[in-house]
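What's in target_11.cif: mmCIF, C-alpha atoms and all ligand atoms
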```
data_model
#
loop_
_atom_site.label_atom_id
_atom_site.label_comp_id
_atom_site.auth_asym_id
_atom_site.auth_seq_id
_atom_site.Cartn_x
_atom_site.Cartn_y
_atom_site.Cartn_z
CA MET A 23 22.79 3.80 -10.86
CA THR A 24 19.98 1.81 -9.27
CA HIS A 25 17.94 3.45 -6.53
CA LEU A 26 17.17 1.06 -3.70
CA MET A 27 13.77 1.81 -2.23
CA LYS A 28 12.54 0.03 0.84
CA ILE A 29 8.75 0.07 0.86
CA VAL A 30 6.08 -1.37 3.12
CA LEU A 31 2.68 -2.77 2.25
CA CYS A 32 0.26 -1.80 5.01
CA GLY A 33 -3.40 -2.19 5.82
CA ASP A 34 -5.76 -4.31 7.92
CA GLY A 35 -5.56 -8.10 7.99
CA GLY A 36 -7.06 -9.69 4.89
CA VAL A 37 -7.15 -6.59 2.64
CA GLY A 38 -4.87 -8.31 0.11
CA LYS A 39 -1.26 -7.19 0.78
CA THR A 40 0.23 -10.62 0.20
CA ALA A 41 -1.98 -11.22 -2.84
CA LEU A 42 -0.91 -7.87 -4.34
CA ARG A 43 2.77 -8.62 -3.79
CA GLU A 44 2.51 -12.12 -5.22
CA ARG A 45 0.70 -10.78 -8.26
CA TYR A 46 3.38 -8.10 -8.72
CA LEU A 47 6.06 -10.79 -8.57
CA GLY A 48 4.27 -12.68 -11.33
CA ARG A 49 3.16 -15.54 -9.11
CA GLY A 50 -0.56 -15.40 -9.92
CA PHE A 51 -3.44 -15.28 -7.45
CA GLN A 52 -4.35 -17.58 -4.54
CA SER A 53 -7.92 -17.48 -3.29
CA LYS A 54 -6.96 -19.20 -0.03
CA TYR A 55 -6.18 -16.84 2.88
CA MET A 56 -2.84 -17.42 4.63
CA MET A 57 -2.30 -14.83 7.32
CA THR A 58 1.12 -13.14 7.36
CA ILE A 59 2.92 -13.50 10.69
CA GLY A 60 5.42 -10.71 11.34
CA ALA A 61 6.53 -9.79 7.84
CA ASP A 62 7.50 -11.15 4.44
CA PHE A 63 10.08 -9.70 2.15
CA ALA A 64 10.79 -9.63 -1.61
CA LEU A 65 12.93 -7.75 -4.15
CA LYS A 66 11.93 -6.54 -7.59
CA GLU A 67 13.58 -4.26 -10.10
CA ALA A 68 11.72 -1.81 -12.31
CA THR A 69 12.43 1.11 -14.61
CA ILE A 70 10.47 4.27 -13.97
CA ASP A 71 10.85 7.27 -16.30
CA GLY A 72 14.15 5.79 -17.48
CA LYS A 73 15.50 5.40 -13.95
CA ALA A 74 16.37 2.01 -12.48
CA ILE A 75 14.83 1.24 -9.14
CA LYS A 76 15.00 -1.83 -6.93
CA PHE A 77 12.02 -2.22 -4.62
CA GLN A 78 12.67 -3.96 -1.34
CA ILE A 79 9.10 -4.89 -0.51
CA TRP A 80 8.04 -5.61 3.07
CA ASP A 81 4.61 -7.12 3.38
CA LEU A 82 3.62 -6.54 7.00
CA ALA A 83 1.18 -8.57 9.07
CA GLY A 84 -2.08 -6.64 9.19
CA GLN A 85 -3.61 -8.14 12.32
CA GLN A 86 -3.63 -5.68 15.21
CA ARG A 87 -1.93 -8.16 17.55
CA PHE A 88 1.27 -8.05 15.49
CA GLY A 89 1.72 -4.31 16.13
CA ALA A 90 4.84 -4.68 18.30
CA VAL A 91 6.58 -6.99 15.82
CA ARG A 92 5.63 -4.74 12.93
CA SER A 93 7.12 -1.53 14.26
CA VAL A 94 10.74 -2.64 13.71
CA TYR A 95 10.18 -3.20 9.99
CA TYR A 96 9.37 0.44 9.28
CA LEU A 97 12.85 1.77 10.00
CA GLY A 98 14.50 3.14 6.86
CA CYS A 99 11.50 2.67 4.67
CA LEU A 100 11.06 5.34 1.98
CA GLY A 101 7.49 4.79 0.91
CA ALA A 102 4.31 2.84 1.58
CA LEU A 103 1.47 1.27 -0.34
CA LEU A 104 -1.53 1.62 1.91
CA LEU A 105 -4.27 -0.88 1.17
CA PHE A 106 -7.89 -1.11 2.14
CA ASP A 107 -10.59 -3.50 0.98
CA VAL A 108 -13.23 -1.48 -0.90
CA THR A 109 -15.93 -3.81 0.46
CA ARG A 110 -14.88 -3.34 4.11
CA GLN A 111 -15.61 0.14 5.45
CA GLU A 112 -13.57 -0.48 8.61
CA SER A 113 -10.40 -1.18 6.64
CA PHE A 114 -10.83 2.25 5.03
CA GLU A 115 -11.41 4.00 8.37
CA ASN A 116 -8.27 2.37 9.80
CA LEU A 117 -5.98 3.91 7.15
CA GLN A 118 -5.45 6.82 9.54
CA LEU A 119 -3.99 4.46 12.17
CA TRP A 120 -1.70 2.89 9.60
CA ILE A 121 -0.42 6.28 8.45
CA LYS A 122 0.36 7.22 12.05
CA GLU A 123 2.23 3.96 12.58
CA ILE A 124 4.28 4.40 9.37
CA PHE A 125 5.18 8.05 10.06
CA ASN A 126 6.06 7.31 13.71
CA HIS A 127 8.41 4.42 13.08
CA ASN A 128 10.29 4.91 9.78
CA GLY A 129 12.81 7.39 11.22
CA LYS A 130 12.12 10.20 8.71
CA GLY A 131 8.52 11.09 9.49
CA VAL A 132 6.35 11.94 6.48
CA ILE A 133 7.26 9.68 3.52
CA PRO A 134 5.53 9.04 0.15
CA LEU A 135 2.27 7.13 0.31
CA VAL A 136 -0.06 5.71 -2.32
CA VAL A 137 -3.54 4.59 -1.27
CA LEU A 138 -4.93 1.45 -2.94
CA GLY A 139 -8.59 0.43 -2.88
CA ASN A 140 -8.21 -3.31 -3.41
CA LYS A 141 -10.74 -6.05 -4.34
CA VAL A 142 -12.59 -3.82 -6.81
CA ASP A 143 -13.56 -7.01 -8.66
CA LEU A 144 -15.93 -7.73 -5.71
CA ARG A 145 -17.36 -4.21 -5.81
CA ASP A 146 -17.90 -4.43 -9.55
CA SER A 147 -19.79 -7.70 -9.11
CA GLY A 148 -22.55 -5.65 -7.42
CA ALA A 149 -22.67 -7.94 -4.36
CA HIS A 150 -21.38 -5.19 -2.03
CA PRO A 151 -23.60 -2.12 -2.40
CA ASP A 152 -21.96 -0.42 0.64
CA SER A 153 -18.51 -0.41 -0.96
CA ILE A 154 -16.20 2.58 -0.73
CA THR A 155 -16.52 4.53 -3.98
CA ASP A 156 -13.58 6.04 -5.85
CA GLU A 157 -15.08 9.45 -5.16
CA ILE A 158 -14.86 8.93 -1.38
CA ALA A 159 -11.32 7.55 -1.63
CA LEU A 160 -10.18 10.42 -3.86
CA ARG A 161 -11.63 12.98 -1.46
CA TYR A 162 -9.75 11.30 1.39
CA CYS A 163 -6.48 11.47 -0.58
CA GLU A 164 -7.03 15.17 -1.30
CA LYS A 165 -7.35 15.74 2.45
CA LEU A 166 -4.15 13.78 3.11
CA THR A 167 -2.38 15.81 0.45
CA GLU A 168 -3.05 18.96 2.48
CA GLN A 169 -0.75 17.43 5.12
CA THR A 170 1.89 16.05 2.73
CA LYS A 171 2.27 18.80 0.12
CA ASN A 172 4.68 20.75 2.34
CA HIS A 173 6.83 17.63 2.23
CA GLY A 174 6.90 17.72 -1.58
CA PHE A 175 4.36 15.11 -2.67
CA SER A 176 0.66 14.47 -3.11
CA VAL A 177 -1.17 11.30 -2.11
CA LYS A 178 -2.48 9.36 -5.10
CA TYR A 179 -5.29 6.84 -5.22
CA LEU A 180 -5.63 3.76 -7.41
CA GLN A 181 -8.28 1.06 -7.46
CA THR A 182 -6.71 -2.40 -7.64
CA SER A 183 -7.58 -6.06 -7.89
CA ALA A 184 -4.97 -8.66 -7.03
CA LYS A 185 -7.46 -11.14 -8.48
CA SER A 186 -7.84 -9.59 -11.95
CA GLY A 187 -4.41 -7.92 -11.95
CA LEU A 188 -5.86 -4.41 -12.31
CA ASN A 189 -3.32 -1.63 -11.58
CA ILE A 190 -0.82 -3.88 -9.78
CA SER A 191 2.44 -2.86 -11.46
CA GLU A 192 0.98 0.66 -11.87
CA SER A 193 0.74 0.94 -8.06
CA PHE A 194 4.47 0.36 -7.66
CA ASP A 195 5.26 2.65 -10.60
CA VAL A 196 3.20 5.47 -9.10
CA LEU A 197 4.91 5.07 -5.73
CA GLY A 198 8.32 5.13 -7.45
CA LYS A 199 7.33 8.28 -9.36
CA VAL A 200 6.12 10.03 -6.23
CA TYR A 201 9.39 9.08 -4.54
CA PHE A 202 11.49 10.55 -7.39
CA GLU A 203 9.43 13.76 -7.23
CA TYR A 204 9.96 13.88 -3.48
CA LEU A 205 13.74 13.43 -3.92
CA GLU A 206 13.85 16.45 -6.25
P1 LIG C 1 -2.65 -10.37 6.46
O1 LIG C 1 -1.52 -11.27 6.11
O2 LIG C 1 -3.52 -10.95 7.52
O3 LIG C 1 -2.24 -8.99 6.82
O4 LIG C 1 -3.62 -10.28 5.13
P2 LIG C 1 -3.27 -9.67 3.69
O5 LIG C 1 -3.61 -8.24 3.64
O6 LIG C 1 -1.90 -10.06 3.27
O7 LIG C 1 -4.36 -10.41 2.77
P3 LIG C 1 -4.12 -11.59 1.72
O8 LIG C 1 -3.31 -11.12 0.58
O9 LIG C 1 -3.68 -12.78 2.45
O10 LIG C 1 -5.62 -11.77 1.17
C1 LIG C 1 -6.71 -12.11 2.03
C2 LIG C 1 -7.79 -12.82 1.22
O11 LIG C 1 -8.35 -11.92 0.25
C3 LIG C 1 -7.29 -14.03 0.43
O12 LIG C 1 -8.29 -15.02 0.45
C4 LIG C 1 -7.10 -13.48 -0.99
O13 LIG C 1 -7.26 -14.47 -1.98
C5 LIG C 1 -8.23 -12.45 -1.06
N1 LIG C 1 -7.94 -11.32 -1.98
C6 LIG C 1 -6.83 -10.55 -1.99
N2 LIG C 1 -6.90 -9.62 -2.96
C7 LIG C 1 -8.09 -9.82 -3.59
C8 LIG C 1 -8.75 -9.17 -4.70
O14 LIG C 1 -8.27 -8.20 -5.31
N3 LIG C 1 -9.99 -9.66 -5.05
C9 LIG C 1 -10.57 -10.71 -4.40
N4 LIG C 1 -11.77 -11.11 -4.83
N5 LIG C 1 -9.97 -11.34 -3.36
C10 LIG C 1 -8.75 -10.90 -2.96
#
```
Turn the structure described in the file into structure tokens.
Amino acid sequence: MTHLMKIVLCGDGGVGKTALRERYLGRGFQSKYMMTIGADFALKEATIDGKAIKFQIWDLAGQQRFGAVRSVYYLGCLGALLLFDVTRQESFENLQLWIKEIFNHNGKGVIPLVVLGNKVDLRDSGAHPDSITDEIALRYCEKLTEQTKNHGFSVKYLQTSAKSGLNISESFDVLGKVYFEYLE
């Protein structure tokens, strides 16, 4: 039996949702920015702890002005990858707004989330001394877990780079694992 899991990729415009998805689909990395309008959709199968899962991946437009279009895509989704850009403080602060939007519109309320600090290749280059550290991000996820643990899951954090490929398939695997835990 294959579990079908609809998931959404969320986060501010330009944080790297499309790049992450393309990398996960094995399509490499594009340094040119092409804004997503509305949403984009892809399917990918994976095996997690011996269980077959098919991810239906919705990559939502991050720009604020697409809010009304975006809300319809959340319905029926069972998990979310929540991205911020480690070099952009504001994208980290806005995670709270994204979580609210996801929980308000998916039809079930609190659903599994994994937080991804993307573009760590830029942080590691040393050019962005004000970057969000893993320590700050982990502390934030511990706080979120206080709200989600009654719902049967904790919020995990991974640092990613769609450019280098760091932790890309791991991000989806972790979300799938959290979802299986949540089902039990
Ligand atoms: P919206 O469609 O507006 O919501 O943006 P998005 O979140 O889908 O961002 P997108 O994937 O289009 O990436 C925005 C820009 O950041 C592009 O120029 C990407 O090449 C770049 N980018 C994405 N991920 C990374 C990364 O891990 N490292 C670096 N250095 N650049 C990245």
Mind dumping a table of every segment 148-179 of chain A residue within 12 Å of segment 114-131 of chain A, with the nearest atom pair and its distance in Å to one decimal, using only C-alpha atoms, sorted by chain and rising number, as CSV?
```
residue,atom,partner,partner_atom,distance
A:Ser153,CA,A:Phe114,CA,10.1
A:Ile154,CA,A:Phe114,CA,7.9
A:Thr155,CA,A:Phe114,CA,10.9
A:Asp156,CA,A:Phe114,CA,11.8
A:Ile158,CA,A:Phe114,CA,10.1
A:Ala159,CA,A:Phe114,CA,8.5
A:Tyr162,CA,A:Phe114,CA,9.8
A:Cys163,CA,A:Leu117,CA,10.8
A:Lys165,CA,A:Gln118,CA,11.6
A:Leu166,CA,A:Gln118,CA,9.6
A:Gln169,CA,A:Ile121,CA,11.6
A:Thr170,CA,A:Gly131,CA,10.7
A:His173,CA,A:Gly131,CA,9.9
A:Val177,CA,A:Ile121,CA,11.7
```
Can you work out the spacing between atom CA of Gly33 of chain A and atom CA of Gly148 of chain A in Å, to one decimal?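 A separation of 23.5 Å between them.
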What do you get as a ChimeraX atom specification if you pick all residues at most 10 Å from ligand LIG 1 (chain C), counting all atoms listed in the file? /A:31-45,51-62,81-86,88,105-109,139-145,147,181-188,190
Go ahead and compute the interatomic distance for atom CA of Thr69 of chain A and atom CA of Leu47 of chain A, in Å to one decimal.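 So the answer is 14.8 Å.
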Answer as a compact mmCIF listing (two decimals) with C-alpha atoms, keeping the file's coordinate frame, residues within 12 Å of (15.5, 4.3, -14.6) using all atoms listed in the file:
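Writing done, so here's point.txt:
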```txt
# COMPACT_ATOMS: atom_id res chain seq x y z
CA MET A 23 22.79 3.80 -10.86
CA THR A 24 19.98 1.81 -9.27
CA HIS A 25 17.94 3.45 -6.53
CA LEU A 26 17.17 1.06 -3.70
CA GLU A 67 13.58 -4.26 -10.10
CA ALA A 68 11.72 -1.81 -12.31
CA THR A 69 12.43 1.11 -14.61
CA ILE A 70 10.47 4.27 -13.97
CA ASP A 71 10.85 7.27 -16.30
CA GLY A 72 14.15 5.79 -17.48
CA LYS A 73 15.50 5.40 -13.95
CA ALA A 74 16.37 2.01 -12.48
CA ILE A 75 14.83 1.24 -9.14
CA LYS A 76 15.00 -1.83 -6.93
CA ASP A 195 5.26 2.65 -10.60
CA GLY A 198 8.32 5.13 -7.45
CA LYS A 199 7.33 8.28 -9.36
CA PHE A 202 11.49 10.55 -7.39
```
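Taking atom CA of His150 of chain A and atom CA of Phe194 of chain A as the two end points, the separation is 27.0 Å.
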Which is closer to Gln78 of chain A than all the others in A:Val137, A:Leu103, A:Met27, A:Leu197, using all atoms listed in the file?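 Of the candidates, the smallest distance to Gln78 of chain A is held by A:Met27.
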